[in-house]
file protein-v1.txt (compact mmCIF, C-alpha atoms)
# COMPACT_ATOMS: atom_id res chain seq x y z
CA MET A 1 -7.75 6.40 -41.16
CA LEU A 2 -4.05 7.17 -41.71
CA THR A 3 -4.40 10.38 -39.70
CA ILE A 4 -5.96 8.48 -36.77
CA LYS A 5 -3.10 5.94 -36.79
CA LYS A 6 -0.49 8.71 -36.80
CA HIS A 7 -2.29 10.37 -33.89
CA LYS A 8 -2.22 7.13 -31.86
CA ILE A 9 1.49 6.67 -32.59
CA TYR A 10 2.17 10.23 -31.47
CA ILE A 11 0.31 9.66 -28.18
CA LEU A 12 2.28 6.44 -27.59
CA ILE A 13 5.59 8.24 -28.13
CA VAL A 14 4.58 11.00 -25.69
CA VAL A 15 3.62 8.42 -23.03
CA ILE A 16 6.98 6.63 -23.44
CA LEU A 17 8.88 9.91 -23.13
CA ILE A 18 6.98 10.87 -19.98
CA PHE A 19 7.78 7.46 -18.47
CA ILE A 20 11.48 7.83 -19.29
CA ILE A 21 11.62 11.33 -17.82
CA CYS A 22 9.76 10.37 -14.64
CA PHE A 23 11.44 7.08 -13.87
CA MET A 24 14.89 7.32 -15.46
CA GLY A 25 15.59 11.02 -15.20
CA SER A 26 16.39 13.52 -17.90
CA LYS A 27 19.88 12.06 -18.34
CA GLY A 28 18.67 8.51 -18.96
CA GLU A 29 19.73 7.15 -15.61
CA LEU A 30 20.39 3.40 -15.45
CA VAL A 31 18.03 1.25 -13.42
CA GLU A 32 20.99 -0.06 -11.42
CA ASN A 33 21.43 3.49 -10.05
CA LEU A 34 17.88 3.69 -8.68
CA GLN A 35 16.19 2.31 -5.58
CA ILE A 36 12.96 0.72 -6.83
CA PRO A 37 10.75 -0.13 -3.83
CA ILE A 38 8.45 -3.14 -3.98
CA GLY A 39 6.96 -2.34 -0.59
CA VAL A 40 6.95 0.66 1.74
CA GLY A 41 6.21 0.50 5.45
CA ALA A 42 5.30 2.97 8.18
CA ASP A 43 6.31 2.49 11.82
CA THR A 44 6.30 4.82 14.82
CA ASP A 45 7.34 4.50 18.46
CA PRO A 46 6.08 6.02 21.76
CA ALA A 47 8.45 8.98 21.25
CA ASN A 48 6.68 9.71 17.93
CA THR A 49 9.77 8.86 15.90
CA TYR A 50 8.91 7.75 12.38
CA LYS A 51 10.59 4.78 10.78
CA ILE A 52 9.91 4.24 7.07
CA PRO A 53 11.36 0.97 5.70
CA PHE A 54 11.72 0.42 1.94
CA LEU A 55 11.87 -3.11 0.53
CA ILE A 56 13.75 -2.53 -2.70
CA TYR A 57 14.87 -4.54 -5.70
CA SER A 58 18.62 -5.15 -5.83
CA PHE A 59 20.02 -5.59 -9.35
CA GLU A 60 23.12 -7.75 -9.25
CA GLU A 61 25.57 -9.18 -11.73
CA GLU A 62 24.51 -11.76 -14.34
CA GLY A 63 20.95 -10.43 -14.38
CA LYS A 64 20.11 -11.58 -10.84
CA ILE A 65 17.47 -9.64 -8.93
CA SER A 66 17.04 -9.85 -5.16
CA SER A 67 15.46 -7.60 -2.54
CA ILE A 68 16.94 -5.75 0.44
CA LEU A 69 15.48 -3.58 3.20
CA VAL A 70 16.59 0.03 3.71
CA SER A 71 15.07 2.12 6.52
CA GLY A 72 15.10 5.75 7.54
CA GLU A 73 14.27 7.28 10.93
CA GLY A 74 13.32 10.80 11.96
CA LYS A 75 10.94 13.12 13.77
CA SER A 76 9.08 13.72 10.50
CA ILE A 77 8.49 11.81 7.26
CA GLY A 78 10.89 14.15 5.44
CA ASP A 79 13.61 13.44 7.99
CA THR A 80 13.34 9.71 7.25
CA ARG A 81 14.23 10.37 3.60
CA GLN A 82 17.37 12.24 4.62
CA ASP A 83 18.35 9.52 7.07
CA ARG A 84 17.75 6.70 4.58
CA GLN A 85 19.81 8.40 1.89
CA LEU A 86 22.82 8.52 4.25
CA ARG A 87 23.02 4.72 3.97
CA SER A 88 22.24 4.31 0.30
CA GLY A 89 24.41 4.44 -2.78
CA THR A 90 21.47 4.91 -5.17
CA ARG A 91 18.66 7.41 -5.74
CA SER A 92 15.20 6.52 -4.45
CA THR A 93 12.00 6.45 -6.52
CA ILE A 94 8.77 5.45 -4.78
CA GLY A 95 6.55 5.31 -7.87
CA LEU A 96 6.69 1.54 -8.47
CA SER A 97 5.82 0.38 -4.95
CA ARG A 98 3.26 -2.47 -4.97
CA ILE A 99 2.16 -2.41 -1.32
CA PHE A 100 2.10 -0.09 1.69
CA VAL A 101 2.30 -1.73 5.13
CA PHE A 102 1.21 0.34 8.14
CA SER A 103 1.97 -0.94 11.63
CA GLU A 104 -0.78 -0.87 14.27
CA ALA A 105 1.20 1.74 16.21
CA ALA A 106 1.54 4.03 13.18
CA SER A 107 -2.14 3.53 12.27
CA THR A 108 -3.30 4.34 15.82
CA PHE A 109 -1.08 7.44 15.90
CA GLY A 110 -2.54 8.54 12.55
CA LEU A 111 -1.58 8.22 8.88
CA LYS A 112 -2.21 11.85 7.91
CA ASP A 113 1.46 12.86 7.52
CA PHE A 114 2.25 9.76 5.46
CA LEU A 115 -0.81 10.20 3.22
CA ASP A 116 -0.08 13.92 2.72
CA ILE A 117 3.36 13.06 1.32
CA CYS A 118 1.77 10.47 -0.98
CA ILE A 119 -0.69 13.06 -2.32
CA ASN A 120 2.16 15.48 -3.05
CA ASN A 121 4.20 12.87 -4.93
CA PRO A 122 3.12 12.74 -8.61
CA GLN A 123 5.10 9.52 -9.16
CA ILE A 124 3.25 7.54 -6.50
CA ASN A 125 1.54 4.31 -7.51
CA ASP A 126 -1.97 4.99 -6.22
CA ARG A 127 -3.06 1.44 -7.15
CA ALA A 128 -0.68 -0.12 -4.61
CA ILE A 129 -2.34 -2.37 -2.01
CA CYS A 130 -2.55 -1.05 1.58
CA VAL A 131 -2.62 -3.22 4.72
CA VAL A 132 -2.20 -2.88 8.49
CA CYS A 133 0.15 -5.32 10.20
CA THR A 134 0.54 -6.51 13.77
CA GLY A 135 4.00 -5.79 15.13
CA LYS A 136 6.40 -3.73 13.05
CA ALA A 137 6.06 -3.01 9.34
CA GLU A 138 9.82 -3.45 9.01
CA ASP A 139 9.61 -7.03 10.31
CA MET A 140 6.72 -7.79 7.96
CA LEU A 141 8.58 -6.50 4.88
CA LYS A 142 11.82 -8.35 5.59
CA TYR A 143 10.05 -11.64 6.39
CA LYS A 144 10.86 -14.43 3.93
CA VAL A 145 7.87 -16.32 2.52
CA LYS A 146 8.62 -19.73 1.05
CA GLY A 147 8.07 -19.81 -2.70
CA TYR A 148 8.02 -16.02 -3.15
CA PRO A 149 10.85 -13.58 -3.92
CA ASN A 150 9.76 -11.36 -1.01
CA SER A 151 6.90 -10.76 1.43
CA ALA A 152 5.56 -7.73 -0.49
CA GLU A 153 4.67 -9.77 -3.56
CA TYR A 154 3.06 -12.46 -1.39
CA ILE A 155 0.93 -9.95 0.57
CA GLU A 156 -0.16 -8.24 -2.65
CA LYS A 157 -1.40 -11.53 -4.13
CA MET A 158 -2.99 -12.68 -0.87
CA VAL A 159 -5.04 -9.48 -0.46
CA SER A 160 -6.02 -9.49 -4.14
CA ASN A 161 -7.41 -13.02 -3.72
CA LEU A 162 -9.43 -12.31 -0.55
CA GLN A 163 -12.37 -11.41 -2.77
CA GLN A 164 -12.70 -15.03 -3.90
CA TYR A 165 -14.18 -16.67 -0.79
CA ASN A 166 -14.30 -14.19 2.11
CA PHE A 167 -16.62 -11.35 0.99
CA TYR A 168 -13.73 -8.88 0.80
CA PRO A 169 -14.03 -6.21 -1.91
CA MET A 170 -11.07 -5.07 -4.00
CA GLN A 171 -11.02 -1.61 -2.45
CA TYR A 172 -7.77 -1.56 -0.51
CA THR A 173 -5.56 0.50 -2.81
CA LEU A 174 -3.84 3.73 -1.86
CA ILE A 175 -6.34 5.80 -3.86
CA ASP A 176 -9.23 4.03 -2.05
CA LEU A 177 -7.62 4.90 1.30
CA LEU A 178 -7.02 8.53 0.32
CA VAL A 179 -10.64 8.98 -0.80
CA ARG A 180 -12.16 7.37 2.29
CA VAL A 181 -9.98 9.29 4.75
CA ASP A 182 -11.00 12.67 3.30
CA GLU A 183 -14.60 12.10 2.22
CA GLU A 184 -17.42 12.96 4.63
CA GLY A 185 -19.60 10.01 5.60
CA ARG A 186 -17.04 7.34 4.73
CA ASN A 187 -14.45 5.40 6.73
CA ALA A 188 -11.56 3.26 5.61
CA LEU A 189 -11.23 -0.46 6.29
CA LEU A 190 -7.96 -2.29 5.58
CA PRO A 191 -6.96 -5.96 5.86
CA ILE A 192 -4.86 -6.85 8.90
CA VAL A 193 -1.92 -9.19 8.23
CA GLU A 194 0.18 -11.08 10.75
CA ILE A 195 3.14 -13.43 10.78
CA LYS A 196 1.84 -16.79 12.02
CA GLY A 197 4.21 -19.71 12.31
CA THR A 198 6.08 -19.86 9.02
CA ASN A 199 3.63 -17.81 6.97
CA ILE A 200 1.81 -14.48 6.70
CA GLU A 201 -1.97 -14.56 7.11
CA THR A 202 -4.93 -12.18 6.93
CA ILE A 203 -6.49 -12.07 10.41
CA GLY A 204 -9.28 -9.50 10.00
CA LEU A 205 -10.09 -5.86 9.24
CA ALA A 206 -8.60 -2.65 10.61
CA ILE A 207 -11.33 -0.06 11.20
CA PHE A 208 -10.46 3.61 10.80
CA ASN A 209 -12.09 6.86 11.81
CA LYS A 210 -10.58 9.34 9.34
CA ASP A 211 -6.84 8.54 9.37
CA LYS A 212 -6.71 6.81 12.77
CA LEU A 213 -7.14 3.13 13.64
CA VAL A 214 -10.02 2.77 16.14
CA GLY A 215 -10.72 -0.97 16.17
CA LYS A 216 -9.98 -4.43 14.82
CA ALA A 217 -12.48 -7.02 13.62
CA GLY A 218 -11.62 -10.71 13.45
CA VAL A 219 -12.08 -12.76 10.28
CA GLU A 220 -15.65 -13.93 11.01
CA GLU A 221 -16.81 -10.44 11.97
CA ALA A 222 -14.98 -8.96 8.98
CA ARG A 223 -16.97 -11.19 6.62
CA ILE A 224 -20.27 -9.94 8.04
CA ILE A 225 -19.12 -6.32 7.98
CA ASN A 226 -18.21 -6.72 4.32
CA ILE A 227 -21.61 -8.26 3.54
CA LEU A 228 -23.35 -5.31 5.22
CA LYS A 229 -21.04 -2.64 3.82
CA GLU A 230 -20.27 -3.76 0.29
CA ASN A 231 -22.24 -4.59 -2.83
CA ASN A 232 -21.58 -7.61 -5.03
CA VAL A 233 -19.11 -9.48 -2.82
CA LYS A 234 -18.71 -13.24 -2.75
CA GLY A 235 -17.77 -15.89 -0.23
CA ILE A 236 -18.83 -19.06 1.55
CA LEU A 237 -21.66 -19.24 4.10
CA THR A 238 -21.89 -22.32 6.31
CA LEU A 239 -24.68 -23.81 8.41
CA GLN A 240 -23.27 -26.37 10.82
CA LYS A 241 -24.62 -28.55 13.65
CA ASP A 242 -21.41 -30.48 14.35
CA SER A 243 -18.24 -31.68 12.62
CA LYS A 244 -20.21 -34.11 10.44
CA LYS A 245 -23.42 -32.15 9.85
CA TYR A 246 -22.91 -29.01 7.77
CA ILE A 247 -23.68 -27.31 4.46
CA ASN A 248 -21.45 -24.89 2.53
CA CYS A 249 -22.89 -22.41 0.04
CA PHE A 250 -20.79 -20.26 -2.30
CA THR A 251 -22.71 -16.98 -2.23
CA VAL A 252 -22.79 -13.65 -4.02
CA SER A 253 -24.20 -10.91 -1.79
CA LYS A 254 -25.77 -7.74 -3.17
CA ARG A 255 -26.82 -4.87 -0.94
CA LYS A 256 -29.35 -2.06 -1.22
CA ILE A 257 -30.04 0.55 1.46
CA LYS A 258 -33.21 2.56 2.01
CA CYS A 259 -33.19 5.58 4.31
CA ASP A 260 -36.38 7.10 5.78
CA LYS A 261 -36.79 10.02 8.16
CA ILE A 262 -39.39 9.26 10.84
CA ASN A 263 -40.17 11.75 13.65
CA GLY A 264 -36.91 13.58 13.01
CA LYS A 265 -34.79 10.44 13.14
CA TYR A 266 -33.37 8.31 10.35
CA LYS A 267 -34.12 4.63 9.83
CA PHE A 268 -31.91 2.56 7.57
CA VAL A 269 -33.19 -0.62 5.96
CA ILE A 270 -30.41 -2.84 4.58
CA ASN A 271 -31.70 -5.34 2.03
CA LEU A 272 -29.39 -8.22 1.18
CA ASP A 273 -29.93 -10.40 -1.87
CA LEU A 274 -27.98 -13.66 -1.41
CA LYS A 275 -27.63 -16.04 -4.32
CA GLY A 276 -25.29 -18.95 -4.71
CA ASN A 277 -24.48 -22.60 -5.26
CA ILE A 278 -24.23 -25.40 -2.72
CA ILE A 279 -20.70 -26.81 -2.79
CA SER A 280 -21.02 -29.36 0.03
CA ASN A 281 -24.05 -30.77 1.85
CA GLU A 282 -23.93 -33.11 4.84
CA LEU A 283 -26.88 -31.57 6.69
CA TYR A 284 -30.08 -31.82 4.61
CA GLU A 285 -31.27 -35.13 3.18
CA ASN A 286 -32.85 -35.18 -0.28
CA LEU A 287 -32.06 -31.48 -0.70
CA TYR A 288 -31.86 -31.55 -4.50
CA ASN A 289 -35.05 -33.52 -5.10
CA ASP A 290 -37.47 -32.24 -2.48
CA PRO A 291 -38.64 -28.58 -2.83
CA LYS A 292 -39.75 -28.55 0.81
CA VAL A 293 -36.26 -29.44 2.02
CA LEU A 294 -34.75 -26.76 -0.22
CA LYS A 295 -37.23 -24.22 1.18
CA LYS A 296 -36.26 -25.25 4.72
CA PHE A 297 -32.58 -24.71 3.92
CA GLU A 298 -33.27 -21.26 2.48
CA GLU A 299 -35.27 -20.25 5.55
CA ASP A 300 -32.60 -21.58 7.93
CA MET A 301 -29.89 -19.67 6.06
CA LYS A 302 -31.98 -16.49 6.12
CA ILE A 303 -32.45 -16.71 9.90
CA TYR A 304 -28.75 -17.46 10.39
CA VAL A 305 -27.56 -14.48 8.30
CA GLU A 306 -30.08 -12.09 9.87
CA LYS A 307 -28.89 -13.09 13.34
CA MET A 308 -25.22 -12.58 12.44
CA CYS A 309 -25.93 -9.22 10.80
CA ASN A 310 -27.93 -7.85 13.74
CA GLU A 311 -25.29 -9.02 16.22
CA SER A 312 -22.59 -7.36 14.12
CA ILE A 313 -24.54 -4.08 13.89
CA ASN A 314 -25.01 -3.96 17.66
CA LYS A 315 -21.30 -4.59 18.14
CA ILE A 316 -20.40 -1.85 15.67
CA LYS A 317 -22.58 0.69 17.49
CA LEU A 318 -21.21 -0.17 20.94
CA LYS A 319 -17.57 -1.07 20.26
CA TYR A 320 -16.30 1.01 17.36
CA LYS A 321 -18.53 4.08 17.68
CA THR A 322 -17.87 5.09 14.11
CA ASP A 323 -19.73 4.74 10.81
CA VAL A 324 -18.18 1.44 9.78
CA LEU A 325 -20.91 0.76 7.16
CA ASP A 326 -20.67 4.20 5.46
CA LEU A 327 -24.30 4.98 6.22
CA GLY A 328 -23.27 8.59 6.71
CA ARG A 329 -23.32 8.93 2.94
CA LEU A 330 -27.11 8.89 3.29
CA SER A 331 -27.33 10.65 6.65
CA MET A 332 -25.05 11.39 9.60
CA GLU A 333 -27.81 10.66 12.14
CA GLY A 334 -28.57 6.96 11.66
CA GLU A 335 -30.53 5.55 14.59
CA ARG A 336 -32.13 2.25 13.66
CA PHE A 337 -31.29 -0.63 11.34
CA LEU A 338 -33.42 -3.35 9.80
CA ILE A 339 -32.05 -6.34 7.91
CA GLY A 340 -33.89 -7.93 5.02
CA ILE A 341 -32.65 -11.15 3.44
CA ARG A 342 -34.02 -12.75 0.31
call {"tool": "encode", "arguments": {"input": "protein-v1.txt", "output": "structure tokens"}}
result
Amino acid sequence: MLTIKKHKIYILIVVILIFIICFMGSKGELVENLQIPIGVGADTDPANTYKIPFLIYSFEEEGKISSILVSGEGKSIGDTRQDRQLRSGTRSTIGLSRIFVFSEAASTFGLKDFLDICINNPQINDRAICVVCTGKAEDMLKYKVKGYPNSAEYIEKMVSNLQQYNFYPMQYTLIDLLVRVDEEGRNALLPIVEIKGTNIETIGLAIFNKDKLVGKAGVEEARIINILKENNVKGILTLQKDSKKYINCFTVSKRKIKCDKINGKYKFVINLDLKGNIISNELYENLYNDPKVLKKFEEDMKIYVEKMCNESINKIKLKYKTDVLDLGRLSMEGERFLIGIR
């Protein structure tokens, strides 16, 4: 037992030393002498000039911590580092960044160069949240959100909480993006954020083919895409006749896919298992006491979800022309889809 404890202590010491070497340097560099980014952005312009803004912590006197924006421009990602260092009195370390914000322009141009640099940086935080923003990433990072030290921390928390009620999975980290960009039969989806009024909001999903942005889905469509694409996601489904007649159901959606080859073509059957609790009912009378009314609600919800799913699938095939649902993991020649709800 004593030997095991000594072994654990030894491992802990090694981990601490590695952390000190990586993040403070071999000479024990002070934190005040380092640029510690909270958020990193990626912008590009029509002339293919890169602009990489860093939102960094600023350590001031009397223990105060604020954040400032430092940007670098260049014809390559490496050039932006050189340019940024010309206006900085401290050394940069990217390893503690909490979010990566890619502008629509940079995402449409392609994220390959940016992702390649991330792969080659052993200090990178591969659990950082990734998003696409409308407008410029620089503007998004320097935007002040009431009640938060900076926009990066707000965006990180907002995206992390999307899984609560909107069927979003928690698969928007840098490592998730790297895997989906390189793996055959998979495509990346990232939340789209936008400055609206005095706040930052999630407005949908950015759809990628490899490293390039090929389409944008609004919030309603994004929810259905997530139901079709992901397993074990949760959110609210609503049946509504008018402003006074509606029912809300907090639902957990589980997905299973079956693939059959028929006459040389592939048929995919997507089975959705929806279970949940009613949180508000202004549509069905005597719902909790009459089994027939409950059965009617279940059938109405089934028809509603099937209709939304089939409409979304048709839109995916015609508009995005890419494997949004990752069906290529089963086959690259998907032709027909069937939806089953229970």
call {"tool": "residues_around", "arguments": {"input": "protein-v1.txt", "residues": "Gly218 of chain A", "least_positions_apart": "6", "cutoff": "7 Å", "atoms": "only C-alpha atoms", "output": "PyMOL selection string"}}
result
chain A and resi 203-205
call {"tool": "atom_distance", "arguments": {"input": "protein-v1.txt", "atom1": "atom CA of Val101 of chain A", "atom2": "atom CA of Ile119 of chain A"}}
result
16.8 Å
call {"tool": "closest_residue", "arguments": {"input": "protein-v1.txt", "among": "A:Lys51, A:Lys196, A:Arg98, A:Lys212", "to": "Asp79 of chain A", "atoms": "only C-alpha atoms"}}
result
A:Lys51
call {"tool": "residues_around", "arguments": {"input": "protein-v1.txt", "residues": "Ile52 of chain A", "least_positions_apart": "6", "cutoff": "7 Å", "atoms": "only C-alpha atoms", "output": "PDB file with C-alpha atoms, in the coordinates of the input"}}
result
ATOM      1  CA  GLY A  41       6.210   0.500   5.450  1.00  0.00           C
ATOM      2  CA  ALA A  42       5.300   2.970   8.180  1.00  0.00           C
ATOM      3  CA  ASP A  43       6.310   2.490  11.820  1.00  0.00           C
ATOM      4  CA  SER A  71      15.070   2.120   6.520  1.00  0.00           C
ATOM      5  CA  GLY A  72      15.100   5.750   7.540  1.00  0.00           C
ATOM      6  CA  GLU A  73      14.270   7.280  10.930  1.00  0.00           C
ATOM      7  CA  THR A  80      13.340   9.710   7.250  1.00  0.00           C
TER       8      THR A  80
END
call {"tool": "residues_around", "arguments": {"input": "protein-v1.txt", "residues": "Gly185 of chain A", "least_positions_apart": "4", "cutoff": "6 Å", "atoms": "only C-alpha atoms", "output": "list in words"}}
result
Asp326, Gly328 and Arg329 of chain A
call {"tool": "residues_around", "arguments": {"input": "protein-v1.txt", "residues": "segment 170-174 of chain A", "least_positions_apart": "4", "cutoff": "8 Å", "atoms": "all atoms listed in the file", "output": "compact mmCIF listing (two decimals) with C-alpha atoms, in the frame of the given file"}}
result
# COMPACT_ATOMS: atom_id res chain seq x y z
CA PHE A 100 2.10 -0.09 1.69
CA ASN A 125 1.54 4.31 -7.51
CA ASP A 126 -1.97 4.99 -6.22
CA ARG A 127 -3.06 1.44 -7.15
CA ALA A 128 -0.68 -0.12 -4.61
CA ILE A 129 -2.34 -2.37 -2.01
CA CYS A 130 -2.55 -1.05 1.58
CA VAL A 131 -2.62 -3.22 4.72
CA SER A 160 -6.02 -9.49 -4.14
CA GLN A 163 -12.37 -11.41 -2.77
CA LEU A 178 -7.02 8.53 0.32
CA LEU A 189 -11.23 -0.46 6.29
CA LEU A 190 -7.96 -2.29 5.58
CA PRO A 191 -6.96 -5.96 5.86
call {"tool": "atom_distance", "arguments": {"input": "protein-v1.txt", "atom1": "atom CA of Ser253 of chain A", "atom2": "atom CA of Glu230 of chain A"}}
result
8.4 Å
call {"tool": "atom_distance", "arguments": {"input": "protein-v1.txt", "atom1": "atom CA of Lys210 of chain A", "atom2": "atom CA of Ile225 of chain A"}}
result
17.9 Å
call {"tool": "closest_residue", "arguments": {"input": "protein-v1.txt", "among": "A:Asn248, A:Val219, A:Asn150, A:Thr202", "to": "Ile279 of chain A", "atoms": "all atoms listed in the file"}}
result
A:Asn248
call {"tool": "residues_near_point", "arguments": {"input": "protein-v1.txt", "point": "(-27.7, -22.9, 10.7)", "cutoff": "6 Å", "atoms": "all atoms listed in the file", "output": "ChimeraX atom specification"}}
result
/A:239-240,300,304
call {"tool": "residues_around", "arguments": {"input": "protein-v1.txt", "residues": "Ile200 of chain A", "least_positions_apart": "3", "cutoff": "10 Å", "atoms": "all atoms listed in the file", "output": "list in words"}}
result
Cys133, Met140, Tyr143, Lys144, Val145, Ser151, Tyr154, Ile155, Met158, Val193, Glu194, Ile195, Lys196, Gly197 and Ile203 of chain A
call {"tool": "write_last_selection", "arguments": {"input": "protein-v1.txt", "atoms": "C-alpha atoms", "output": "PDB file, keeping the file's coordinate frame"}}
result
ATOM      1  CA  CYS A 133       0.150  -5.320  10.200  1.00  0.00           C
ATOM      2  CA  MET A 140       6.720  -7.790   7.960  1.00  0.00           C
ATOM      3  CA  TYR A 143      10.050 -11.640   6.390  1.00  0.00           C
ATOM      4  CA  LYS A 144      10.860 -14.430   3.930  1.00  0.00           C
ATOM      5  CA  VAL A 145       7.870 -16.320   2.520  1.00  0.00           C
ATOM      6  CA  SER A 151       6.900 -10.760   1.430  1.00  0.00           C
ATOM      7  CA  TYR A 154       3.060 -12.460  -1.390  1.00  0.00           C
ATOM      8  CA  ILE A 155       0.930  -9.950   0.570  1.00  0.00           C
ATOM      9  CA  MET A 158      -2.990 -12.680  -0.870  1.00  0.00           C
ATOM     10  CA  VAL A 193      -1.920  -9.190   8.230  1.00  0.00           C
ATOM     11  CA  GLU A 194       0.180 -11.080  10.750  1.00  0.00           C
ATOM     12  CA  ILE A 195       3.140 -13.430  10.780  1.00  0.00           C
ATOM     13  CA  LYS A 196       1.840 -16.790  12.020  1.00  0.00           C
ATOM     14  CA  GLY A 197       4.210 -19.710  12.310  1.00  0.00           C
ATOM     15  CA  ILE A 203      -6.490 -12.070  10.410  1.00  0.00           C
TER      16      ILE A 203
END
call {"tool": "axis_aligned_box", "arguments": {"input": "protein-v1.txt", "around": "segment 281-294 of chain A", "padding_each_side": "5 Å", "output": "AutoDock Vina command-line options"}}
result
--center_x -31.8 --center_y -31.0 --center_z 0.8 --size_x 25.8 --size_y 18.4 --size_z 21.8
call {"tool": "closest_residue", "arguments": {"input": "protein-v1.txt", "among": "A:Gln164, A:Asn231, A:Asn286, A:Asn48", "to": "Ile77 of chain A", "atoms": "only C-alpha atoms"}}
result
A:Asn48
call {"tool": "closest_residue", "arguments": {"input": "protein-v1.txt", "among": "A:Asn226, A:Thr251, A:Ser107, A:Asn166", "to": "Leu213 of chain A", "atoms": "only C-alpha atoms"}}
result
A:Ser107
call {"tool": "closest_residue", "arguments": {"input": "protein-v1.txt", "among": "A:Lys315, A:Lys295, A:Lys112, A:Lys136", "to": "Glu221 of chain A", "atoms": "only C-alpha atoms"}}
result
A:Lys315
call {"tool": "decode", "arguments": {"input": "protein-v1.txt", "residues": "segment 164-181 of chain A", "atoms": "C-alpha atoms", "output": "PDB file, in the first residue's frame"}}
result
ATOM      1  CA  GLN A 164     -30.365  21.527 -22.053  1.00  0.00           C
ATOM      2  CA  TYR A 165     -33.395  22.417 -24.192  1.00  0.00           C
ATOM      3  CA  ASN A 166     -32.439  22.557 -27.892  1.00  0.00           C
ATOM      4  CA  PHE A 167     -31.265  19.024 -28.820  1.00  0.00           C
ATOM      5  CA  TYR A 168     -27.672  20.197 -29.264  1.00  0.00           C
ATOM      6  CA  PRO A 169     -24.988  17.642 -28.341  1.00  0.00           C
ATOM      7  CA  MET A 170     -21.797  18.591 -26.512  1.00  0.00           C
ATOM      8  CA  GLN A 171     -19.591  17.855 -29.508  1.00  0.00           C
ATOM      9  CA  TYR A 172     -18.281  21.266 -30.487  1.00  0.00           C
ATOM     10  CA  THR A 173     -14.753  21.139 -29.084  1.00  0.00           C
ATOM     11  CA  LEU A 174     -11.586  21.566 -31.106  1.00  0.00           C
ATOM     12  CA  ILE A 175     -10.833  17.827 -30.960  1.00  0.00           C
ATOM     13  CA  ASP A 176     -14.376  17.083 -32.232  1.00  0.00           C
ATOM     14  CA  LEU A 177     -13.806  19.469 -35.150  1.00  0.00           C
ATOM     15  CA  LEU A 178     -10.390  17.985 -35.978  1.00  0.00           C
ATOM     16  CA  VAL A 179     -11.779  14.436 -36.005  1.00  0.00           C
ATOM     17  CA  ARG A 180     -14.807  15.265 -38.158  1.00  0.00           C
ATOM     18  CA  VAL A 181     -12.831  17.271 -40.720  1.00  0.00           C
TER      19      VAL A 181
END
